[in-house]
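Step one of this worksheet: look at the structure below.
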Amino acid sequence: DPPLRDLADAKGKVIGTAVTGSRLTGTYGEIAGAQFNWLTPGNAMKWGSVEPARGSFDWAEADRIVDFAEAHGQEVRGHTLVWHSQNPNWLTNGTWTPAQLSRLMNDHIALEAGRYKGRVAAWDVVNEPFNEDGSYRQTLWYNGLGVDYIAQALTAARAADPDAKLYINDYNVEGVNAKSTALYNLVRDLKARGVPIDGVGLQAHLILGQVPSTLQQNIQRFADLGLDVAITELDIRMQLPPDTAKLAQQAADYKAVMNACLAVSRCTGATVWGFTDSDSWIPDTFPGQGAATPYDENYAPKPAYRAIHEALGGT
Ligand code: G3I
């Protein structure tokens with residue numbers, strides 16, 4: 001029974017997982033290393049993690065994940081350079097002129113993407129820039145620098161690590177809708193202007209039974225712009241407790257997502273946002289919901305695991 005990563009490798013596709021660095025030992029580490037060909041640090045590379053006090057850096061968890069990936073022949077998806085959330089308090093609570101903000105952002109990108117130059121295959125350079133209606137989210141960056149912060153960030157990331165694929169990543173952009181159309185228009189315009197952009201990340205934090213029917217069509221329209229598409233944070237949550245019917249529906253949903261991606265050559269593959277229910281953000285954020293990942297809390301593979309396996313050509 002081949003692991004997921006062997007099946008994905010044979011197709012030239014990504015099967016990734018978000019990971020927590022401190023857990024990369026024991027069974028968790030064995031599964032993370034054996035089953036996946038890409039890793040994304042779930043929190044370790046966020047600005048608030050790496051520079052908790054201004055000028056004082058903590059790269060330990062990020063380094064640990066990158067080292068683990070290299071030891072296991074895995075690629076790393078860097079997550080994330082510019083976001084409105086999980087920033088250090090000194091940054092969030094500061095009062096900054098536009099020039100200072102621009103300097104802070106550019107220096108941060110140069111430092112972090114530069115530190116991992118050649119070791120991070122793709123970066124989520126800008127995370128979650130849009131509101132649900134397709135307008136720009138009012139953030140530290142947007143309010144201070146206007147929409148140009150996105151082009152600035154991409155340009156800085158390219159300069160820091162010319163070989164890394166550069167992405168804009170967002171949620172609720174899996175189907176064709178106002179938000180994904182805003183993302184489409186943005187990346188089309190960036191490309192037309194010659195701003196470095198290689199792909200879009202569709203996070204895919206989905207709800208049981210609600211895989212968007214336009215997922216493949218949406219992936220295809222981004223691909224048709226000459227961009228890569230990655231499913232970056234896949235999970236499919238349900239009302240707890242799970243039962244046989246719900247787990248079967250979840251397996252069908254995972255398979256539908258994998259199949260939509262695999263049907264488009266420029267879809268690079270999928271990363272799950274934690275491979276075990278014991279390492280998922282869902283129960284903390286949506287009380288009463290969970291069981292969103294392919295392995296249960298005790299590391300037993302669920303029907304969703306088999307569905308991913310089958311979609312990748314296994315049995
Ligand atoms: O590290 C502290 C720990 O010391 C403390 O005891 C504990 C008590 O609450 O909190 C821990 O920090 C938590 C951190 O995850 C690490 O577990 C934060 O409270 C918690 O807010 C944080 O949640 C993360 C969330 O982003 C924050 O927005 C999730 O783990 C992470 O999976 C999630 O990931 C995001 C992506 O980056 C972007 N897309 C959406 C996705 C889900 O929210």
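The chains in the structure tokens are called A, B, ... from first to last as shown; in each chain the residues are counted from 1, and the ligands are counted from 1 in the order shown.
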
Enumerate residues in contact with ligand 1: an atom-to-atom distance of at most 10 Å, counting only C-alpha atoms and all ligand atoms. Format the result as a PyMOL selection string. chain A and resi 18-20+40-46+49+79-80+83-87+124+127-128+169-171+202-205+232-235+273-274+279-282+284-285

List every residue of stretch 35-69 of chain A that has an atom at most 12 Å from any atom of stretch 88-107 of chain A, and for each one report the closest atom pair and its distance in Å to one decimal, counting only C-alpha atoms, with rows sorted by chain and then by increasing residue number, as CSV.
residue,atom,partner,partner_atom,distance
A:Lys46,CA,A:Pro88,CA,9.1
A:Trp47,CA,A:Pro88,CA,6.4
A:Gly48,CA,A:Pro88,CA,4.0
A:Ser49,CA,A:Pro88,CA,7.6
A:Val50,CA,A:Pro88,CA,8.8
A:Glu51,CA,A:Pro88,CA,6.8
A:Pro52,CA,A:Pro88,CA,5.3
A:Ala53,CA,A:Trp90,CA,6.7
A:Arg54,CA,A:Trp90,CA,6.7
A:Gly55,CA,A:Trp90,CA,10.4
A:Ser56,CA,A:Pro88,CA,11.0
A:Phe57,CA,A:Pro88,CA,11.2

Can those selected residues be exported to a file as a tab-separated table (two decimals), in the first residue's frame so that it contains C-alpha atoms?
chain	number	residue	atom	x	y	z
A	46	LYS	CA	4.05	33.95	10.70
A	47	TRP	CA	5.44	37.34	11.64
A	48	GLY	CA	4.18	37.10	15.22
A	49	SER	CA	6.00	33.78	15.60
A	50	VAL	CA	9.34	34.85	14.18
A	51	GLU	CA	9.66	38.40	15.60
A	52	PRO	CA	7.65	38.52	18.83
A	53	ALA	CA	9.52	41.60	20.04
A	54	ARG	CA	10.90	44.11	17.57
A	55	GLY	CA	14.35	43.07	16.49
A	56	SER	CA	14.22	39.88	18.55
A	57	PHE	CA	13.82	36.78	16.42

May I ask which of the residues A:Met258, A:Leu183, A:Ala291, A:Leu215 is the closest one to A:Tyr136, counting only C-alpha atoms? A:Leu183

Of the candidates A:Ile231, A:Leu190, A:Val82, A:Leu24, which one gets nearest to A:Ile219 if we count only C-alpha atoms? A:Ile231

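Note that the spacing between atom CA of A:Pro196 and atom CA of A:Arg158 amounts to 6.7 Å.
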
Residues flagged strand (DSSP E or B) by DSSP in stretch 12-254 of chain A, as a PyMOL selection string: chain A and resi 14-19+38-41+53+56+75-82+122-127+130+136+165-170+199-202+205-207+228-239

Keeping only N, CA and C atoms, write the selected residues as a short mmCIF file (atom, residue, chain, number, x, y, z; two decimals), in the first residue's frame.
data_model
loop_
_atom_site.label_atom_id
_atom_site.label_comp_id
_atom_site.auth_asym_id
_atom_site.auth_seq_id
_atom_site.Cartn_x
_atom_site.Cartn_y
_atom_site.Cartn_z
N VAL A 14 1.61 17.72 -5.72
CA VAL A 14 1.83 17.97 -4.31
C VAL A 14 0.75 17.26 -3.49
N ILE A 15 1.19 16.52 -2.45
CA ILE A 15 0.27 16.17 -1.37
C ILE A 15 0.96 16.64 -0.09
N GLY A 16 0.46 17.71 0.47
CA GLY A 16 1.14 18.35 1.58
C GLY A 16 0.30 18.33 2.84
N THR A 17 0.97 18.72 3.95
CA THR A 17 0.24 18.93 5.19
C THR A 17 0.84 20.10 5.93
N ALA A 18 -0.03 20.85 6.61
CA ALA A 18 0.45 21.80 7.61
C ALA A 18 0.94 21.01 8.81
N VAL A 19 2.00 21.51 9.44
CA VAL A 19 2.54 20.83 10.62
C VAL A 19 2.87 21.83 11.73
N TRP A 38 5.11 17.58 0.66
CA TRP A 38 5.31 19.00 0.98
C TRP A 38 4.85 19.23 2.42
N LEU A 39 5.48 20.19 3.10
CA LEU A 39 5.05 20.63 4.43
C LEU A 39 4.83 22.14 4.42
N THR A 40 3.81 22.56 5.15
CA THR A 40 3.60 23.99 5.41
C THR A 40 3.64 24.20 6.92
N PRO A 41 4.48 25.10 7.43
CA PRO A 41 4.38 25.42 8.85
C PRO A 41 3.03 26.08 9.13
N ALA A 53 9.17 40.24 19.61
CA ALA A 53 9.52 41.60 20.04
C ALA A 53 10.36 42.21 18.92
N SER A 56 13.86 41.10 17.82
CA SER A 56 14.22 39.88 18.55
C SER A 56 13.54 38.70 17.86
N GLU A 75 9.37 19.26 0.04
CA GLU A 75 9.41 20.69 -0.25
C GLU A 75 8.65 21.44 0.84
N VAL A 76 8.95 22.73 0.96
CA VAL A 76 8.28 23.56 1.97
C VAL A 76 7.48 24.65 1.29
N ARG A 77 6.26 24.83 1.78
CA ARG A 77 5.45 25.98 1.40
C ARG A 77 5.55 27.00 2.53
N GLY A 78 6.13 28.14 2.27
CA GLY A 78 6.28 29.17 3.30
C GLY A 78 4.96 29.89 3.51
N HIS A 79 4.61 30.07 4.78
CA HIS A 79 3.29 30.65 5.12
C HIS A 79 3.43 31.47 6.38
N THR A 80 3.27 32.73 6.37
CA THR A 80 2.98 33.61 5.26
C THR A 80 3.69 34.92 5.54
N LEU A 81 4.03 35.68 4.51
CA LEU A 81 4.85 36.87 4.73
C LEU A 81 4.05 38.11 5.12
N VAL A 82 2.91 38.33 4.49
CA VAL A 82 2.15 39.56 4.71
C VAL A 82 0.69 39.21 4.96
N ALA A 122 7.76 27.48 -2.40
CA ALA A 122 6.68 28.42 -2.73
C ALA A 122 6.35 29.21 -1.48
N TRP A 123 6.03 30.47 -1.66
CA TRP A 123 5.62 31.34 -0.55
C TRP A 123 4.19 31.82 -0.73
N ASP A 124 3.41 31.75 0.33
CA ASP A 124 2.18 32.52 0.40
C ASP A 124 2.62 33.93 0.78
N VAL A 125 2.86 34.75 -0.23
CA VAL A 125 3.43 36.07 0.03
C VAL A 125 2.39 36.96 0.70
N VAL A 126 1.21 37.01 0.12
CA VAL A 126 0.12 37.80 0.68
C VAL A 126 -1.02 36.85 1.02
N ASN A 127 -1.51 36.95 2.23
CA ASN A 127 -2.57 36.06 2.70
C ASN A 127 -3.85 36.86 2.95
N PHE A 130 -8.75 39.85 0.64
CA PHE A 130 -10.10 40.26 0.22
C PHE A 130 -11.17 40.03 1.28
N TYR A 136 -11.35 45.10 -1.05
CA TYR A 136 -10.11 44.83 -0.29
C TYR A 136 -10.38 44.92 1.20
N LYS A 165 8.32 30.08 -5.89
CA LYS A 165 7.07 30.43 -6.56
C LYS A 165 6.27 31.32 -5.62
N LEU A 166 5.74 32.41 -6.15
CA LEU A 166 5.09 33.42 -5.31
C LEU A 166 3.58 33.38 -5.50
N TYR A 167 2.87 33.29 -4.38
CA TYR A 167 1.42 33.12 -4.39
C TYR A 167 0.70 34.19 -3.60
N ILE A 168 -0.53 34.44 -4.00
CA ILE A 168 -1.53 35.10 -3.17
C ILE A 168 -2.52 34.02 -2.75
N ASN A 169 -2.86 33.99 -1.47
CA ASN A 169 -3.61 32.88 -0.88
C ASN A 169 -4.86 33.44 -0.19
N ASP A 170 -6.00 32.79 -0.38
CA ASP A 170 -7.21 33.29 0.31
C ASP A 170 -8.19 32.15 0.51
N GLY A 199 1.27 32.13 -8.78
CA GLY A 199 0.11 31.29 -8.54
C GLY A 199 -0.86 31.86 -7.53
N VAL A 200 -1.98 31.19 -7.44
CA VAL A 200 -2.96 31.51 -6.40
C VAL A 200 -3.19 30.27 -5.54
N GLY A 201 -3.35 30.53 -4.25
CA GLY A 201 -3.67 29.47 -3.29
C GLY A 201 -5.13 29.55 -2.93
N LEU A 202 -5.81 28.43 -3.12
CA LEU A 202 -7.21 28.31 -2.68
C LEU A 202 -7.16 27.53 -1.38
N HIS A 205 -11.00 25.66 3.14
CA HIS A 205 -11.58 25.28 4.44
C HIS A 205 -13.07 25.05 4.19
N LEU A 206 -13.42 23.80 3.94
CA LEU A 206 -14.76 23.50 3.43
C LEU A 206 -15.65 22.88 4.50
N ILE A 207 -16.94 22.89 4.20
CA ILE A 207 -17.97 22.33 5.08
C ILE A 207 -18.50 21.06 4.44
N ASP A 228 -0.16 29.07 -11.74
CA ASP A 228 -0.38 27.82 -11.01
C ASP A 228 -1.48 28.03 -9.98
N VAL A 229 -2.12 26.92 -9.64
CA VAL A 229 -3.15 26.94 -8.59
C VAL A 229 -2.78 25.85 -7.60
N ALA A 230 -2.81 26.19 -6.32
CA ALA A 230 -2.56 25.19 -5.28
C ALA A 230 -3.74 25.20 -4.31
N ILE A 231 -4.16 24.01 -3.92
CA ILE A 231 -5.10 23.88 -2.80
C ILE A 231 -4.22 23.90 -1.56
N THR A 232 -4.34 24.91 -0.73
CA THR A 232 -3.29 25.15 0.27
C THR A 232 -3.63 24.77 1.71
N GLU A 233 -4.92 24.71 2.05
CA GLU A 233 -5.26 24.51 3.47
C GLU A 233 -6.50 23.61 3.60
N LEU A 234 -6.53 22.55 2.82
CA LEU A 234 -7.76 21.76 2.73
C LEU A 234 -8.14 21.10 4.07
N ASP A 235 -9.37 21.35 4.48
CA ASP A 235 -10.02 20.55 5.53
C ASP A 235 -11.52 20.62 5.31
N ILE A 236 -12.23 19.62 5.81
CA ILE A 236 -13.68 19.53 5.58
C ILE A 236 -14.33 19.19 6.91
N ARG A 237 -14.95 20.21 7.48
CA ARG A 237 -15.44 20.08 8.86
C ARG A 237 -16.88 19.58 8.89
N MET A 238 -17.21 18.98 10.03
CA MET A 238 -18.56 18.45 10.23
C MET A 238 -18.99 18.73 11.66
N GLN A 239 -20.29 18.62 11.88
CA GLN A 239 -20.82 18.67 13.23
C GLN A 239 -20.37 17.41 13.96
#

To test your reading of the structure, identify every residue in stretch 163-279 of chain A that backbone DSSP assigns to helix (DSSP H, G or I), and report it as a PyMOL selection string. chain A and resi 178-192+215-223+244-262+277-279

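Separating atom CA of A:Val66 from atom CA of A:Gly118 is a distance of 11.1 Å.
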
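Of the listed residues A:Pro301, A:Ala157, A:Gly134, A:Ile150, the one whose atoms come nearest to A:Ala182 is A:Gly134, with distances taken using only C-alpha atoms.
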
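Each of A:Ala62, A:Leu208, A:Ala121, A:Leu111 was checked against A:Ala245 using only C-alpha atoms; the smallest atom-to-atom distance is that of A:Leu208.
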
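Atom CA of A:Gly290 to atom CA of A:Asp253 spans 15.0 Å [interatomic distance, one decimal].
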
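Compared by their closest atoms to A:Pro294, and using only C-alpha atoms, the residues A:Asp6, A:Asp277, A:Glu310, A:Glu70 rank with A:Asp277 nearest.
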
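Restricting the calculation to only C-alpha atoms, the smallest distance between A:Ser22 and any of A:Phe68, A:Asp163, A:Gly194, A:Ala8 is found for A:Phe68.
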
For A:Asn259, work out the shell of residues within 12 Å, counting only C-alpha atoms and skipping chain neighbours fewer than 5 positions away, then give it as an MDAnalysis selection string. chainID A and resid 211 215:216 219 231 252:254 264:265 267 269:270 307:313
